[in-house]
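Chemist: If it helps, the file is called coords.cif and holds mmCIF, C-alpha atoms:
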data_protein
#
loop_
_atom_site.label_atom_id
_atom_site.label_comp_id
_atom_site.auth_asym_id
_atom_site.auth_seq_id
_atom_site.Cartn_x
_atom_site.Cartn_y
_atom_site.Cartn_z
CA PHE A 1 -15.91 -8.33 -14.09
CA PRO A 2 -14.53 -11.22 -16.20
CA ILE A 3 -11.15 -12.59 -15.21
CA VAL A 4 -8.36 -11.76 -17.63
CA ALA A 5 -5.46 -14.20 -17.46
CA PRO A 6 -2.55 -12.30 -15.88
CA VAL A 7 0.17 -11.63 -18.43
CA THR A 8 3.44 -13.34 -17.61
CA SER A 9 6.06 -10.63 -17.88
CA ALA A 10 9.83 -10.80 -17.69
CA PHE A 11 9.69 -7.59 -15.66
CA LEU A 12 9.38 -7.77 -11.88
CA PRO A 13 9.48 -5.04 -9.20
CA THR A 14 12.87 -6.41 -8.10
CA ASP A 15 14.32 -5.29 -11.45
CA ILE A 16 14.21 -1.71 -10.20
CA THR A 17 17.09 -0.62 -7.98
CA GLY A 18 16.16 0.37 -4.46
CA LEU A 19 13.26 -1.96 -3.65
CA GLN A 20 13.10 -2.10 0.15
CA ALA A 21 9.85 -3.98 0.80
CA TRP A 22 7.35 -5.93 -1.30
CA TYR A 23 4.17 -7.60 -0.12
CA LYS A 24 1.71 -9.39 -2.41
CA ALA A 25 -1.25 -11.46 -1.33
CA ASP A 26 -0.41 -14.47 -3.49
CA ALA A 27 2.96 -15.09 -1.82
CA GLY A 28 4.40 -15.35 1.67
CA ILE A 29 1.08 -15.57 3.51
CA THR A 30 0.69 -17.63 6.70
CA LYS A 31 -2.98 -18.20 7.56
CA ASP A 32 -5.14 -20.53 9.60
CA GLY A 33 -8.13 -22.62 8.54
CA GLY A 34 -10.34 -19.55 8.67
CA ASP A 35 -7.93 -17.62 6.42
CA GLN A 36 -6.89 -15.28 9.24
CA VAL A 37 -3.42 -13.93 8.41
CA SER A 38 -0.73 -14.15 11.09
CA ALA A 39 2.31 -13.44 8.90
CA TRP A 40 3.14 -11.85 5.54
CA VAL A 41 6.66 -12.40 4.20
CA ASP A 42 8.49 -9.60 2.39
CA GLN A 43 9.26 -10.61 -1.22
CA SER A 44 12.04 -8.03 -1.73
CA GLY A 45 14.70 -10.21 -0.14
CA ASN A 46 15.20 -7.75 2.73
CA SER A 47 13.28 -9.83 5.30
CA LEU A 48 10.93 -7.03 6.36
CA ASP A 49 8.29 -9.55 7.30
CA LEU A 50 4.96 -8.56 8.83
CA ALA A 51 3.24 -10.39 11.69
CA GLN A 52 0.11 -10.25 13.82
CA GLY A 53 -0.04 -12.64 16.77
CA THR A 54 -3.30 -11.37 18.25
CA ALA A 55 -6.17 -13.30 16.66
CA ALA A 56 -8.69 -10.46 17.02
CA ASP A 57 -6.37 -8.12 15.09
CA GLN A 58 -5.59 -10.48 12.22
CA PRO A 59 -6.83 -9.54 8.72
CA THR A 60 -8.42 -12.06 6.37
CA TRP A 61 -6.93 -13.53 3.19
CA ILE A 62 -9.55 -13.69 0.42
CA ASP A 63 -8.99 -15.69 -2.77
CA SER A 64 -9.92 -14.45 -6.27
CA ARG A 65 -10.47 -10.88 -5.10
CA THR A 66 -9.25 -9.08 -8.22
CA ASN A 67 -8.62 -10.65 -11.64
CA GLY A 68 -8.45 -14.08 -10.00
CA LEU A 69 -5.75 -13.00 -7.56
CA PRO A 70 -6.16 -12.73 -3.78
CA ALA A 71 -6.05 -9.75 -1.44
CA VAL A 72 -5.83 -9.27 2.30
CA HIS A 73 -8.93 -7.67 3.83
CA PHE A 74 -8.77 -5.39 6.88
CA ASP A 75 -12.18 -4.77 8.46
CA GLY A 76 -11.42 -1.50 10.24
CA THR A 77 -10.19 -3.07 13.49
CA GLU A 78 -7.18 -5.01 12.17
CA HIS A 79 -3.57 -4.41 11.19
CA ILE A 80 -0.40 -6.41 10.46
CA ASP A 81 3.02 -4.99 11.12
CA GLY A 82 6.45 -5.44 12.68
CA ALA A 83 8.68 -4.57 9.76
CA THR A 84 11.26 -1.91 10.64
CA PHE A 85 13.71 -0.79 7.98
CA ALA A 86 17.35 -1.45 8.86
CA SER A 87 17.94 2.25 8.25
CA ALA A 88 15.16 4.83 8.09
CA ILE A 89 14.40 5.75 4.47
CA THR A 90 14.96 9.45 3.97
CA GLN A 91 12.91 11.28 1.37
CA PRO A 92 12.59 11.02 -1.56
CA ALA A 93 10.93 7.61 -1.51
CA HIS A 94 8.37 6.00 -3.82
CA THR A 95 5.57 3.69 -2.67
CA PHE A 96 2.94 1.74 -4.63
CA ALA A 97 -0.25 0.27 -3.16
CA LEU A 98 -2.90 -1.79 -4.96
CA VAL A 99 -5.94 -1.20 -2.75
CA LYS A 100 -9.71 -1.19 -2.64
CA LYS A 101 -11.50 0.93 -0.06
CA HIS A 102 -14.78 -0.39 1.37
CA SER A 103 -15.85 2.69 3.31
CA ASN A 104 -15.21 6.40 3.74
CA THR A 105 -14.09 7.37 7.21
CA ILE A 106 -12.02 10.53 7.25
CA GLY A 107 -8.80 10.03 9.20
CA ASP A 108 -8.57 6.25 8.92
CA ARG A 109 -5.09 4.97 8.08
CA LEU A 110 -4.61 2.51 5.22
CA ILE A 111 -0.82 2.17 5.30
CA VAL A 112 1.55 3.59 7.92
CA THR A 113 5.34 3.99 7.67
CA VAL A 114 6.10 5.60 11.04
CA PRO A 115 5.66 4.43 14.65
CA ASP A 116 2.43 5.08 16.51
CA GLY A 117 2.49 8.58 17.98
CA THR A 118 4.89 9.95 15.34
CA THR A 119 4.03 12.17 12.40
CA GLY A 120 5.25 11.11 8.98
CA PRO A 121 4.22 9.55 5.66
CA ILE A 122 0.95 7.57 5.61
CA TYR A 123 -1.84 6.65 3.20
CA ARG A 124 -4.90 8.28 4.78
CA ASP A 125 -8.65 8.11 4.10
CA ALA A 126 -9.70 11.62 3.14
CA GLY A 127 -13.41 10.78 2.74
CA SER A 128 -15.67 10.64 -0.35
CA GLY A 129 -13.51 7.93 -1.94
CA ASN A 130 -10.32 9.95 -1.55
CA ILE A 131 -6.89 8.71 -0.45
CA SER A 132 -4.33 11.27 0.62
CA ALA A 133 -0.61 11.42 1.11
CA SER A 134 -0.64 12.57 4.71
CA ASN A 135 1.51 13.14 7.80
CA HIS A 136 -1.23 12.13 10.31
CA ILE A 137 -2.14 15.78 10.88
CA ALA A 138 -2.79 17.25 7.44
CA ASP A 139 -3.71 15.88 4.02
CA GLY A 140 -1.32 16.51 1.18
CA ALA A 141 -1.95 15.43 -2.40
CA VAL A 142 -5.31 13.62 -2.79
CA VAL A 143 -6.63 11.18 -5.42
CA ASN A 144 -10.14 9.76 -5.73
CA ALA A 145 -9.97 5.97 -5.63
CA GLY A 146 -13.67 5.40 -4.96
CA THR A 147 -14.91 2.33 -3.08
CA SER A 148 -15.87 -0.08 -5.86
CA LEU A 149 -12.65 -0.95 -7.70
CA TYR A 150 -9.03 -1.84 -7.02
CA ARG A 151 -6.76 1.12 -7.67
CA LEU A 152 -3.03 1.62 -7.91
CA VAL A 153 -2.11 4.54 -5.64
CA SER A 154 1.55 5.55 -5.97
CA ILE A 155 3.09 8.32 -3.88
CA VAL A 156 6.41 10.09 -4.29
CA TRP A 157 7.35 11.28 -0.81
CA ASN A 158 9.62 14.22 -1.55
CA GLY A 159 9.43 16.65 1.34
CA THR A 160 8.39 19.84 -0.36
CA SER A 161 6.85 18.28 -3.48
CA THR A 162 5.00 15.09 -2.58
CA THR A 163 2.82 13.75 -5.44
CA ASN A 164 0.03 11.18 -5.43
CA GLN A 165 -0.90 9.27 -8.60
CA LEU A 166 -3.96 7.12 -9.34
CA ASN A 167 -3.28 4.37 -11.90
CA VAL A 168 -1.70 6.28 -14.82
CA ASP A 169 -3.50 9.59 -14.28
CA THR A 170 -1.69 12.90 -13.96
CA PRO A 171 -0.19 13.01 -10.44
CA ALA A 172 -1.99 15.19 -7.89
CA THR A 173 0.06 17.75 -5.99
CA SER A 174 -0.44 19.84 -2.87
CA ALA A 175 1.21 22.76 -1.13
CA THR A 176 1.10 20.80 2.14
CA ASN A 177 4.56 19.55 3.03
CA ILE A 178 4.65 15.84 3.98
CA SER A 179 7.96 15.49 5.74
CA GLY A 180 9.51 12.67 7.73
CA ASN A 181 11.37 9.43 7.12
CA LEU A 182 9.88 6.03 6.35
CA VAL A 183 10.72 3.95 9.42
CA GLU A 184 8.50 0.86 9.36
CA VAL A 185 5.57 -0.80 7.61
CA SER A 186 2.11 -1.33 9.08
CA LEU A 187 -0.72 -2.38 6.76
CA GLY A 188 -4.31 -1.64 7.69
CA GLY A 189 -3.49 0.82 10.46
CA TYR A 190 -1.10 1.57 13.29
CA SER A 191 1.60 -0.81 14.41
CA ASN A 192 0.71 -0.28 18.07
CA GLY A 193 -3.01 0.35 17.98
CA HIS A 194 -4.80 3.67 17.74
CA LEU A 195 -3.36 7.13 18.02
CA ALA A 196 -5.88 9.01 20.16
CA GLY A 197 -7.81 11.62 18.26
CA ARG A 198 -6.19 10.90 14.89
CA GLY A 199 -8.17 8.03 13.43
CA ASN A 200 -8.20 4.25 13.31
CA GLU A 201 -7.51 1.23 11.14
CA SER A 202 -9.20 1.11 7.73
CA ASP A 203 -11.82 -1.06 6.05
CA VAL A 204 -9.69 -1.86 3.00
CA ASP A 205 -8.30 -4.63 0.78
CA ILE A 206 -4.56 -4.59 0.09
CA ALA A 207 -3.41 -6.82 -2.76
CA GLU A 208 0.15 -5.55 -3.15
CA TYR A 209 2.47 -2.93 -1.65
CA LEU A 210 5.97 -1.80 -2.68
CA VAL A 211 8.50 0.57 -1.12
CA TYR A 212 11.48 2.07 -2.99
CA ASP A 213 14.16 4.18 -1.32
CA ASP A 214 14.14 6.81 -4.08
CA GLU A 215 11.83 8.18 -6.76
CA ILE A 216 12.02 5.72 -9.66
CA THR A 217 12.72 6.83 -13.23
CA SER A 218 9.99 7.50 -15.79
CA THR A 219 10.98 4.32 -17.68
CA ASP A 220 10.79 2.21 -14.53
CA LEU A 221 7.48 3.86 -13.65
CA THR A 222 6.02 2.83 -17.01
CA ASN A 223 7.32 -0.72 -16.55
CA LEU A 224 5.86 -0.93 -13.07
CA GLN A 225 2.49 0.48 -14.13
CA ASP A 226 2.40 -2.11 -16.94
CA TYR A 227 3.24 -4.82 -14.41
CA PHE A 228 0.21 -3.87 -12.30
CA LYS A 229 -2.01 -3.37 -15.35
CA ASP A 230 -1.22 -6.79 -16.78
CA ARG A 231 -1.32 -8.59 -13.44
CA TYR A 232 -4.61 -7.15 -12.20
CA ALA A 233 -6.32 -6.01 -15.46
CA LEU A 234 -6.64 -2.52 -14.02
CA TRP A 235 -7.12 -0.36 -17.08
CA ALA A 236 -7.21 -0.67 -20.87
#
Written as structure tokens, that's how I'd like the structure from this file.
Modeler:
Amino acid sequence: FPIVAPVTSAFLPTDITGLQAWYKADAGITKDGGDQVSAWVDQSGNSLDLAQGTAADQPTWIDSRTNGLPAVHFDGTEHIDGATFASAITQPAHTFALVKKHSNTIGDRLIVTVPDGTTGPIYRDAGSGNISASNHIADGAVVNAGTSLYRLVSIVWNGTSTTNQLNVDTPATSATNISGNLVEVSLGGYSNGHLAGRGNESDVDIAEYLVYDDEITSTDLTNLQDYFKDRYALWA
């Protein structure tokens, strides 16, 4: 796809009240000569920085991955983590992930917000290009992100009414209750390795990830969707 110059907008994710964590691949990255990422600094101002000191578990920073902007690639054996919220975020919460899946392995974890061994909100591979809002045990609302394009997957974690939205499509819903607080951030998989019998790290690119401590307003949602659209040339 041709590169579209990212639109410089006065709007930033920090303009919305309640931003708790913000990671983007073009800022705050510490990497070695082979582009292996050992640290990823939180851009929200809350110092929820991610780190991975084990070389074999470090993801790879890749330049010009989407619309000329970089992403961090996790190959299915890697994760970066260490960010624990000062206070656990109770539901409702609103998260936004700009991701590209490279495979379909049901049960793999793309983004985790609870400690290893604990049920709670995660982005989970549901197979056939699908990404679900899950609690490690059951899939809730599911969207089809495919495996060929970068997609904005935004989830409102709201206990009895969790919704999952792809780009600007109508949000998907599910009767499955996704309960639990958001405690920490682990990108690519678990913060402490695998949880036996419940899946592994994912083969996925993550270009940007945001966490808000409440469901944002419809106006802010439009502004944030426009921010992603203009920055990554996601949709017309």
Chemist: Quick one: everything within 12 Å of Asn164 in chain A, counting all atoms listed in the file, minus sequence neighbours fewer than 2 positions away in the same chain. Send it as a PDB file with C-alpha atoms, in the coordinates of the input.
Modeler:
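This went into result_25.pdb:
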ATOM      1  CA  HIS A  94       8.370   6.000  -3.820  1.00  0.00           C
ATOM      2  CA  THR A  95       5.570   3.690  -2.670  1.00  0.00           C
ATOM      3  CA  PHE A  96       2.940   1.740  -4.630  1.00  0.00           C
ATOM      4  CA  ALA A  97      -0.250   0.270  -3.160  1.00  0.00           C
ATOM      5  CA  PRO A 121       4.220   9.550   5.660  1.00  0.00           C
ATOM      6  CA  ILE A 122       0.950   7.570   5.610  1.00  0.00           C
ATOM      7  CA  TYR A 123      -1.840   6.650   3.200  1.00  0.00           C
ATOM      8  CA  ARG A 124      -4.900   8.280   4.780  1.00  0.00           C
ATOM      9  CA  ASN A 130     -10.320   9.950  -1.550  1.00  0.00           C
ATOM     10  CA  ILE A 131      -6.890   8.710  -0.450  1.00  0.00           C
ATOM     11  CA  SER A 132      -4.330  11.270   0.620  1.00  0.00           C
ATOM     12  CA  ALA A 133      -0.610  11.420   1.110  1.00  0.00           C
ATOM     13  CA  SER A 134      -0.640  12.570   4.710  1.00  0.00           C
ATOM     14  CA  ASP A 139      -3.710  15.880   4.020  1.00  0.00           C
ATOM     15  CA  GLY A 140      -1.320  16.510   1.180  1.00  0.00           C
ATOM     16  CA  ALA A 141      -1.950  15.430  -2.400  1.00  0.00           C
ATOM     17  CA  VAL A 142      -5.310  13.620  -2.790  1.00  0.00           C
ATOM     18  CA  VAL A 143      -6.630  11.180  -5.420  1.00  0.00           C
ATOM     19  CA  ASN A 144     -10.140   9.760  -5.730  1.00  0.00           C
ATOM     20  CA  ALA A 145      -9.970   5.970  -5.630  1.00  0.00           C
ATOM     21  CA  LEU A 152      -3.030   1.620  -7.910  1.00  0.00           C
ATOM     22  CA  VAL A 153      -2.110   4.540  -5.640  1.00  0.00           C
ATOM     23  CA  SER A 154       1.550   5.550  -5.970  1.00  0.00           C
ATOM     24  CA  ILE A 155       3.090   8.320  -3.880  1.00  0.00           C
ATOM     25  CA  VAL A 156       6.410  10.090  -4.290  1.00  0.00           C
ATOM     26  CA  TRP A 157       7.350  11.280  -0.810  1.00  0.00           C
ATOM     27  CA  ASN A 158       9.620  14.220  -1.550  1.00  0.00           C
ATOM     28  CA  SER A 161       6.850  18.280  -3.480  1.00  0.00           C
ATOM     29  CA  THR A 162       5.000  15.090  -2.580  1.00  0.00           C
ATOM     30  CA  LEU A 166      -3.960   7.120  -9.340  1.00  0.00           C
ATOM     31  CA  ASN A 167      -3.280   4.370 -11.900  1.00  0.00           C
ATOM     32  CA  VAL A 168      -1.700   6.280 -14.820  1.00  0.00           C
ATOM     33  CA  ASP A 169      -3.500   9.590 -14.280  1.00  0.00           C
ATOM     34  CA  THR A 170      -1.690  12.900 -13.960  1.00  0.00           C
ATOM     35  CA  PRO A 171      -0.190  13.010 -10.440  1.00  0.00           C
ATOM     36  CA  ALA A 172      -1.990  15.190  -7.890  1.00  0.00           C
ATOM     37  CA  THR A 173       0.060  17.750  -5.990  1.00  0.00           C
ATOM     38  CA  SER A 174      -0.440  19.840  -2.870  1.00  0.00           C
ATOM     39  CA  ILE A 178       4.650  15.840   3.980  1.00  0.00           C
TER      40      ILE A 178
END
Chemist: Find the residues around range 209-217 of chain A up to 7 Å (all atoms listed in the file counted), leave out those fewer than 3 positions away in its own chain, and share them as a list in words.
Modeler: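 Within the cut-off, the hits are Gly18, Leu19, Gln20, Ala21, Trp22, Tyr23, Lys24, Ile89, Pro92, Ala93, His94, Thr95, Phe96, Ala97, Leu98, Val156, Asp220 and Leu221 of chain A.
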Chemist: Could those selected residues go to a file with C-alpha atoms, as a compact mmCIF listing (two decimals), keeping the file's coordinate frame?
Modeler:
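What follows is the written file out.txt:
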# COMPACT_ATOMS: atom_id res chain seq x y z
CA GLY A 18 16.16 0.37 -4.46
CA LEU A 19 13.26 -1.96 -3.65
CA GLN A 20 13.10 -2.10 0.15
CA ALA A 21 9.85 -3.98 0.80
CA TRP A 22 7.35 -5.93 -1.30
CA TYR A 23 4.17 -7.60 -0.12
CA LYS A 24 1.71 -9.39 -2.41
CA ILE A 89 14.40 5.75 4.47
CA PRO A 92 12.59 11.02 -1.56
CA ALA A 93 10.93 7.61 -1.51
CA HIS A 94 8.37 6.00 -3.82
CA THR A 95 5.57 3.69 -2.67
CA PHE A 96 2.94 1.74 -4.63
CA ALA A 97 -0.25 0.27 -3.16
CA LEU A 98 -2.90 -1.79 -4.96
CA VAL A 156 6.41 10.09 -4.29
CA ASP A 220 10.79 2.21 -14.53
CA LEU A 221 7.48 3.86 -13.65
Chemist: Skip Ala88 in chain A itself and residues of its chain fewer than 2 positions away, then list as a list in words all residues within 6 Å of it, counting all atoms listed in the file.
Modeler: Phe85, Leu182 and Val183 of chain A
Chemist: Find the residues around Val72 in chain A up to 8 Å (all atoms listed in the file counted), leave out those fewer than 2 positions away in its own chain, and share them as a PyMOL selection string.
Modeler: chain A and resi 25+59-62+70+74+205-207
Chemist: Distance CA of Ala233 in chain A-CA of Glu184 in chain A, one decimal place?
Modeler: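 One can read the CA of Ala233 in chain A to CA of Glu184 in chain A distance as 29.7 Å.
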Chemist: Identify, on the basis of only C-alpha atoms, every residue whose closest approach to Pro115 in chain A does not exceed 12 Å; exclude the query and any residue fewer than 2 positions from it along the same chain; express the result as a PyMOL selection string.
Modeler: chain A and resi 81-85+88+111-113+117-122+135-136+180-186+189-195
